[in-house]
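**Q** Here it is: the structure, laid out below.
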Amino acid sequence: MVKNMPDRPIDALDRAKGKKVFVKLKNGEEITGTLMALDLHLNLWLENVDIQGENKRKFTTLLIRGDTVLYASPV
Amino acid sequence: MVKNMPDRPIDALDRAKGKKVFVKLKNGEEITGTLMALDLHLNLWLENVDIQGENKRKFTTLLIRGDTVLYASPV
Amino acid sequence: MVKNMPDRPIDALDRAKGKKVFVKLKNGEEITGTLMALDLHLNLWLENVDIQGENKRKFTTLLIRGDTVLYASPV
Amino acid sequence: MVKNMPDRPIDALDRAKGKKVFVKLKNGEEITGTLMALDLHLNLWLENVDIQGENKRKFTTLLIRGDTVLYASPV
Amino acid sequence: MVKNMPDRPIDALDRAKGKKVFVKLKNGEEITGTLMALDLHLNLWLENVDIQGENKRKFTTLLIRGDTVLYASPV
Amino acid sequence: MVKNMPDRPIDALDRAKGKKVFVKLKNGEEITGTLMALDLHLNLWLENVDIQGENKRKFTTLLIRGDTVLYASPV
Amino acid sequence: MVKNMPDRPIDALDRAKGKKVFVKLKNGEEITGTLMALDLHLNLWLENVDIQGENKRKFTTLLIRGDTVLYASPV
């Protein structure tokens, strides 16, 4: 009914492929990186990754297991 | 038997698409935003999002993983 | 063997549709409201909802994710 | 090989239908009531229910979600 | 390759039917009893049961939900 | 591409059947024993078992539920 | 749309077979080792493994259960 409304929740993140995203995990860690690939479980492949908070760390490439994701947002 | 009773629990939230909803997550975070899409796992796509509580934050767009949802309510 | 014994556990709650129910969640929250719809996962749609305890709150309409339910009772 | 040995674990509780059972939940709550119905997930329908321990409470009818059950015993 | 090696892990416990077993649950409770029936989820039916530790208790018959089992051993 | 690389993660543990393995559980317990059988859920059947740490204990035979396993290693 | 973008998140880790990877588990343990095999559950087979942090330890070979993985990264 609302125009341009995506059909599935995952579609909105899918549109962010190749762009920077913010991800919060269930253990409280906050992560930013470029979204390269995702699937329906919310398994996420990020590049140029920053882990934020008390355990700051950088990764060139990171695979996040979907069941650890709390929420994700295009930045 | 009761008139206008929805068939499935999800239907009630489905009717709130395009409107503002309140969501409480299992980690205690409380979120409000405009519901753009949802699915049977309660994966939720929100726009114009406010994370409330001690970690206040705003997102233009947020994908919430359904298994982290405690409950949700049209506002 | 016992007369009028329901076949499935869910049937007993199903009979409470349109009536007030009490629900306790795994995080300890206690909720009362009118049961509008339920499914086999125990996803619950309530109307005129009171969240009890330390975080008292009211909702016109609430969708509870079934996997957060500890137990439920017709009031 | 042992005589009268039930084939499935659930069968032993199934024989207790219409009788009083004791149920311990994963959150530590202990419950007694008359078993009206059960299914393979251990969803349980009890009547004349007593919640024991620090949060004593009585219910006429209670639906326990199976995945919260630690163990159950005919009394 | 090793002689008399069981094909499936469950087979070893299956051979203990009618005998005494020790079971440790994920919540730390330790239980002994005679194994009457088991299934592939490790749902267990025990007779003449002793719950050990700080909450000592006896049951004639006990159904343990398989997903609460840490490990089990024939005694 | 790499020579002798196993196809599935489980294959590496499968090769350890009849040999001693180390297993760490999600609750922190550390266990050693001879691996007799395993399946795709990582349900493990061990013989001549030592539970290490603060709750030292020995078992002739132990069935570990796969979903409690953190990791396992041939010794 | 982006060139050389992998189709599935798992593909990026799959390309690291035979190389060193970093893995963080849900219990906080951090592990490095050579990735020998992986599957869609993120079950991981590592060789020449170092467990880091307070419980330092080395393994020649380690099988990590996929559901304990938080994230993984080629080093």
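Chain lettering (A, B, ...) mirrors the order of the structure tokens, residue numbering begins at 1 for each chain separately, and ligand numbering begins at 1 in order of display.
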Run DSSP on the backbone of this structure and report the residues of chain C it assigns to strand (DSSP E), as a PyMOL selection string.
**A** chain C and resi 20-25+30-38+44-51+57-64+69-74
**Q** Set the distance at 8 Å and use only C-alpha atoms: which residues neighbour region 41-49 of chain E once local chain neighbours fewer than 4 positions away are removed? I'd like the list as a PDB file with C-alpha atoms, in the first residue's frame.
**A**
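The result, written out as around31.pdb:
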```pdb
ATOM      1  CA  PRO D   9      10.082 -41.194  26.973  1.00  0.00           C
ATOM      2  CA  ILE D  10       6.925 -39.163  26.407  1.00  0.00           C
ATOM      3  CA  ALA D  12       5.474 -42.315  30.595  1.00  0.00           C
TER       4      ALA D  12
ATOM      5  CA  ILE E  31      20.472 -37.038  38.583  1.00  0.00           C
ATOM      6  CA  THR E  32      20.656 -40.817  38.927  1.00  0.00           C
ATOM      7  CA  GLY E  33      17.949 -43.330  38.048  1.00  0.00           C
ATOM      8  CA  THR E  34      17.048 -46.411  36.046  1.00  0.00           C
ATOM      9  CA  LEU E  35      16.813 -45.667  32.317  1.00  0.00           C
ATOM     10  CA  MET E  36      13.468 -46.819  30.953  1.00  0.00           C
ATOM     11  CA  ALA E  37      13.340 -45.078  27.570  1.00  0.00           C
ATOM     12  CA  LYS E  58      13.382 -38.290  45.023  1.00  0.00           C
ATOM     13  CA  PHE E  59      10.961 -39.158  42.208  1.00  0.00           C
ATOM     14  CA  THR E  60       9.423 -42.511  41.324  1.00  0.00           C
ATOM     15  CA  THR E  61       9.319 -41.525  37.683  1.00  0.00           C
ATOM     16  CA  LEU E  62      10.935 -38.587  35.836  1.00  0.00           C
ATOM     17  CA  LEU E  63      10.843 -37.326  32.259  1.00  0.00           C
ATOM     18  CA  ILE E  64      13.892 -35.185  31.450  1.00  0.00           C
ATOM     19  CA  ARG E  65      13.671 -32.881  28.416  1.00  0.00           C
ATOM     20  CA  GLY E  66      16.580 -33.790  26.143  1.00  0.00           C
ATOM     21  CA  ASP E  67      17.757 -30.257  25.424  1.00  0.00           C
ATOM     22  CA  VAL E  69      21.058 -32.698  29.153  1.00  0.00           C
TER      23      VAL E  69
ATOM     24  CA  ARG F  65      25.030 -33.962  23.913  1.00  0.00           C
TER      25      ARG F  65
END
```
**Q** When you draw a straight line from CA of Leu38 (chain D) to CA of Val23 (chain C), how long is it in Å?
**A**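 CA of Val23 (chain C) lies 18.8 Å from CA of Leu38 (chain D).
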**Q** I'd like the interatomic distance between CA of Gly18 (chain B) and CA of Asp11 (chain A), to a tenth of an Å.
**A**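 Rounded to one decimal, the two atoms are 16.0 Å apart.
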**Q** Excluding same-chain residues fewer than 4 positions from Lys24 (chain B), what lies within 7 Å of it counting only C-alpha atoms, as a short mmCIF file (atom, residue, chain, number, x, y, z; two decimals) with C-alpha atoms, in the first residue's frame?
**A**
```cif
data_model
loop_
_atom_site.label_atom_id
_atom_site.label_comp_id
_atom_site.auth_asym_id
_atom_site.auth_seq_id
_atom_site.Cartn_x
_atom_site.Cartn_y
_atom_site.Cartn_z
CA GLY B 28 16.12 -4.80 27.11
CA GLU B 29 16.59 -2.18 24.38
CA GLU B 30 13.45 -0.28 23.41
CA ILE B 31 13.05 0.96 19.85
CA VAL B 69 12.25 -9.41 19.60
CA LEU B 70 10.40 -9.74 22.89
CA TYR B 71 7.23 -7.95 21.76
CA ALA B 72 6.08 -5.25 19.38
#
```
**Q** Go ahead and compute the interatomic distance for CA of Arg57 (chain F) and CA of Ser73 (chain F), in Å to one decimal.
**A** 20.0 Å
**Q** Do a neighbour search on Val75 (chain G) at 7 Å with only C-alpha atoms, toss out local chain neighbours closer than 5 positions, and write the hits as a VMD selection string.
**A** chain G and resid 20 to 22
**Q** Write to file, as a compact mmCIF listing (two decimals), in the first residue's frame, the residues of the selection just made, with N, CA and C atoms.
**A**
```
# COMPACT_ATOMS: atom_id res chain seq x y z
N LYS G 20 45.67 -18.81 7.31
CA LYS G 20 45.44 -18.54 8.73
C LYS G 20 44.17 -17.70 8.92
N VAL G 21 43.37 -18.08 9.92
CA VAL G 21 42.16 -17.32 10.23
C VAL G 21 42.10 -17.01 11.73
N PHE G 22 41.34 -15.97 12.05
CA PHE G 22 41.06 -15.58 13.42
C PHE G 22 39.59 -15.86 13.68
```
**Q** Among chain C, which residues does DSSP mark as alpha helix (DSSP H) when it is run on the backbone? Keep the chain and numbering as in the structure and answer as a PDB file with N, CA, C and O atoms, in the first residue's frame.
**A**
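The result, written out as out24.pdb:
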```
ATOM      1  N   PRO C   9      -2.328 -29.291  23.952  1.00  0.00           N
ATOM      2  CA  PRO C   9      -2.184 -28.245  24.969  1.00  0.00           C
ATOM      3  C   PRO C   9      -2.685 -26.887  24.474  1.00  0.00           C
ATOM      4  O   PRO C   9      -3.351 -26.149  25.200  1.00  0.00           O
ATOM      5  N   ILE C  10      -2.384 -26.570  23.214  1.00  0.00           N
ATOM      6  CA  ILE C  10      -2.741 -25.259  22.678  1.00  0.00           C
ATOM      7  C   ILE C  10      -4.255 -25.034  22.652  1.00  0.00           C
ATOM      8  O   ILE C  10      -4.728 -23.894  22.739  1.00  0.00           O
ATOM      9  N   ASP C  11      -5.018 -26.127  22.583  1.00  0.00           N
ATOM     10  CA  ASP C  11      -6.475 -25.995  22.509  1.00  0.00           C
ATOM     11  C   ASP C  11      -7.036 -25.258  23.719  1.00  0.00           C
ATOM     12  O   ASP C  11      -8.005 -24.510  23.609  1.00  0.00           O
ATOM     13  N   ALA C  12      -6.444 -25.492  24.856  1.00  0.00           N
ATOM     14  CA  ALA C  12      -6.972 -24.875  26.073  1.00  0.00           C
ATOM     15  C   ALA C  12      -6.838 -23.353  26.006  1.00  0.00           C
ATOM     16  O   ALA C  12      -7.716 -22.618  26.447  1.00  0.00           O
ATOM     17  N   LEU C  13      -5.734 -22.858  25.466  1.00  0.00           N
ATOM     18  CA  LEU C  13      -5.588 -21.415  25.338  1.00  0.00           C
ATOM     19  C   LEU C  13      -6.437 -20.905  24.183  1.00  0.00           C
ATOM     20  O   LEU C  13      -6.965 -19.799  24.218  1.00  0.00           O
ATOM     21  N   ASP C  14      -6.577 -21.733  23.181  1.00  0.00           N
ATOM     22  CA  ASP C  14      -7.379 -21.356  22.020  1.00  0.00           C
ATOM     23  C   ASP C  14      -8.821 -21.039  22.436  1.00  0.00           C
ATOM     24  O   ASP C  14      -9.452 -20.131  21.892  1.00  0.00           O
TER      25      ASP C  14
END
```
